[in-house]
Amino acid sequence: MAESTLGQVSFGRYYRQFSSNYALGKENLLALAVPMISVNLVLDFGRVPGGFWTWFLVAFVGYLAMLAPAAIVAVIFRRVKIPTGFYLPTFFVIGMIRGITIYILGRALGVIPDHDIAYRVIGSGVFVMAMMATFATLISNFDRAAKSVRELEIKRQSLQNRLSSMQLEISEQNSEITGRVSGLLSPVIADLIQRLSAAKASEIGSQVAALRNTVDNVVRPMSQSVASATSSLSEPSLAQGQSSWFGRLNLDAKLRLKDVFLPSMSAFMLILVSLPSSIAIAGPNNGITFAITLGASAWLILNLARYAFRNLEMGTFLAAMLHLLVHALIGLTALAAIYFVEKSLLLQLVARVFILVLIFGLTFFIGQARHLHLLRANEELQLVNTELEKLNAQAKQELWINRRRIATVLHGPIQAALYASAIRLAQAKRPNKKLIQEVTDDLNDALKELKFEQSSAMPVREVMREMIDLWSGVCTIYTSIPKAVHQITNKHVTAAEAFSEVVREAVSNAVKHGNADEIEITAKLNDGVIDLQVINNGKPPTEKQASTGYGTRILNELTLSWSLREINSEKTVFTAEIVASV
């Protein structure tokens, strides 16, 4: 896969994510039970008095004390638009409530000393603020990516459903048109032939009128109706599904390791979480030194890991193991710094440091891996949908070209045969049997044309030459169309007709609406799509001219996309993408 920005993050993006109602959503509040309870078991159990279940009770009650005000705040924040700057202070206050509750319960159970109040209140405020922000970011990443994937999946299903039936639908529509046209015209022309063969010389005038009336009242309106019809295919209705947290968690999926490591965010969060407990255990000076050292180690080692593994991809499980090893190295580096600063603290901090960095490493990896899986799926779906869009564009081309071919037959050979027959009969004072036979043969030939058999398209090179000759004396046309475009249009008749029609429309508009006298036509083939560009020195059409009319419908139906823009008030540029093959 080409280089992407899937894993690139910024603090600004994170700030916008956790300064939102994601942090107060039920998924986030429930997920916070794990760090809220485990932190006391990791940092307090074994350091101060109290057994495991005593500290579990304290931690659980503390979690409930955080949950209650968070749920109340969530209701208020959903009803009232709150500035983003209020979110983090609110998280901090919720954490202080948790800290006060833990301190009161711990004092009652005899496991928390009096002097721990500042550590409990301030430390809990910082910890809850950091955890709510971190989990909100992870859940936000998932939800946004999952929503995008669901939308793309729905679009893909819609396109696939359309593609599965479009050939049959196109065939049915074309059969309906040809059947309607042949059904209406064939009896009329057959009747004219019969009447003409049996008519006396004095009755020829009425037959001439009948021929002209057939053209004016039947053929011409029918050709206009067929040509201007919209080539629409039915749009299937699909219900939007739901994605679960583990719906796309694939341990065999490849991850680019550069995108997995988050140096700045990991360092910032580790400092926030470790600072209160470090001060409580080691004192202000050593505690601050240790927290900063831990954050600096995380930033440096994770950046080195990003650089060292920048071109490497691994399966999710192996990437997780490597991610945890890198975080273990972070803990080892921080402990080495503690050894040189204060050896006596080493035994107290060894287990806590490793547990802390491994929990953080696992949490960040799960969130980022989930995010990357979804975004990778997003990219793959976009590629699929691009191909499906091309196929749909081809289908619309085919339907339009078939309609246009029918209209051309009606407007050309059928109308010409009827008019020519009427004129030839009118010019003869007393039509002889030979003339009547010739007219009858022409009308029979017109009947054969109503089979609408597909003929080969005129080569694009010839179309360009005819266009240059046609507009000679009105404007100068320059063309630059490579061999690849000529080859693919020679191979695909529908693409040739679509390309020629779009070019005709662009040139005609440039002259008619913009009074251009110089036009440059260039094209190139790009992955089965012809990128057409028509530059002219005229004025761009008005907004009304550019958005309405038959020409706009032609462009909408024959191109994958098209646009019109003005350059420096001197030139107008028309661009279009025309699907040639998929």
# chains A, B, ... in the order shown; residues from 1 in each chain; ligands from 1
>>> residues_around(residues="Ala31 in chain A", least_positions_apart="3", cutoff="10 Å", atoms="only C-alpha atoms", output="VMD selection string")
chain A and resid 26 to 28 34 to 36 131 to 132 135 to 136 139
>>> write_last_selection(atoms="N, CA and C atoms", output="CSV table (one decimal), in the first residue's frame")
chain,number,residue,atom,x,y,z
A,26,LYS,N,-21.6,6.5,27.6
A,26,LYS,CA,-21.7,5.3,28.5
A,26,LYS,C,-20.5,4.3,28.2
A,27,GLU,N,-20.1,4.2,26.9
A,27,GLU,CA,-19.0,3.3,26.6
A,27,GLU,C,-17.7,3.7,27.3
A,28,ASN,N,-17.5,5.0,27.3
A,28,ASN,CA,-16.2,5.5,27.9
A,28,ASN,C,-16.3,5.2,29.4
A,34,VAL,N,-11.9,-0.4,34.4
A,34,VAL,CA,-10.6,-1.2,34.4
A,34,VAL,C,-9.5,-0.3,35.0
A,35,PRO,N,-9.2,0.8,34.4
A,35,PRO,CA,-8.1,1.6,35.0
A,35,PRO,C,-8.4,2.2,36.4
A,36,MET,N,-9.7,2.6,36.6
A,36,MET,CA,-10.1,3.2,37.9
A,36,MET,C,-9.9,2.2,39.1
A,131,MET,N,-7.3,9.7,32.2
A,131,MET,CA,-7.9,8.5,31.7
A,131,MET,C,-9.2,8.7,30.9
A,132,MET,N,-10.0,9.7,31.3
A,132,MET,CA,-11.2,10.0,30.5
A,132,MET,C,-10.8,10.6,29.2
A,135,PHE,N,-9.3,7.4,27.0
A,135,PHE,CA,-10.3,6.5,26.5
A,135,PHE,C,-11.3,7.2,25.6
A,136,ALA,N,-11.6,8.5,25.8
A,136,ALA,CA,-12.5,9.2,24.9
A,136,ALA,C,-11.8,9.2,23.5
A,139,ILE,N,-12.1,5.7,21.8
A,139,ILE,CA,-13.5,5.4,21.4
A,139,ILE,C,-13.9,6.3,20.3
>>> select_by_dssp(residues="range 444-545 of chain A", states="helix (DSSP H, G or I)", output="count of residues only")
51
>>> closest_atom_pairs(of="range 322-396 of chain A", to="range 490-496 of chain A", cutoff="12 Å", atoms="only C-alpha atoms", output="tab-separated table")
residue	atom	partner	partner_atom	distance
A:Lys390	CA	A:Ala495	CA	12.0
A:Ala393	CA	A:Ala495	CA	10.5
A:Gln394	CA	A:Ala495	CA	8.1
A:Ala395	CA	A:Thr494	CA	9.7
A:Lys396	CA	A:Thr494	CA	10.2
>>> closest_residue(among="A:Glu153, A:Trp299, A:Gly283, A:Asp116", to="Val48 in chain A", atoms="only C-alpha atoms")
A:Asp116
>>> closest_residue(among="A:Val111, A:Ala516, A:Val507, A:Ile355", to="Gly331 in chain A", atoms="only C-alpha atoms")
A:Ile355
>>> closest_residue(among="A:Phe127, A:Phe56, A:Phe290, A:Phe499", to="Val485 in chain A", atoms="only C-alpha atoms")
A:Phe499
>>> atom_distance(atom1="CA of Ile578 in chain A", atom2="CA of Val529 in chain A")
5.6 Å
>>> closest_residue(among="A:Ala510, A:Ala145, A:Leu300, A:Val80", to="Thr476 in chain A", atoms="only C-alpha atoms")
A:Ala510
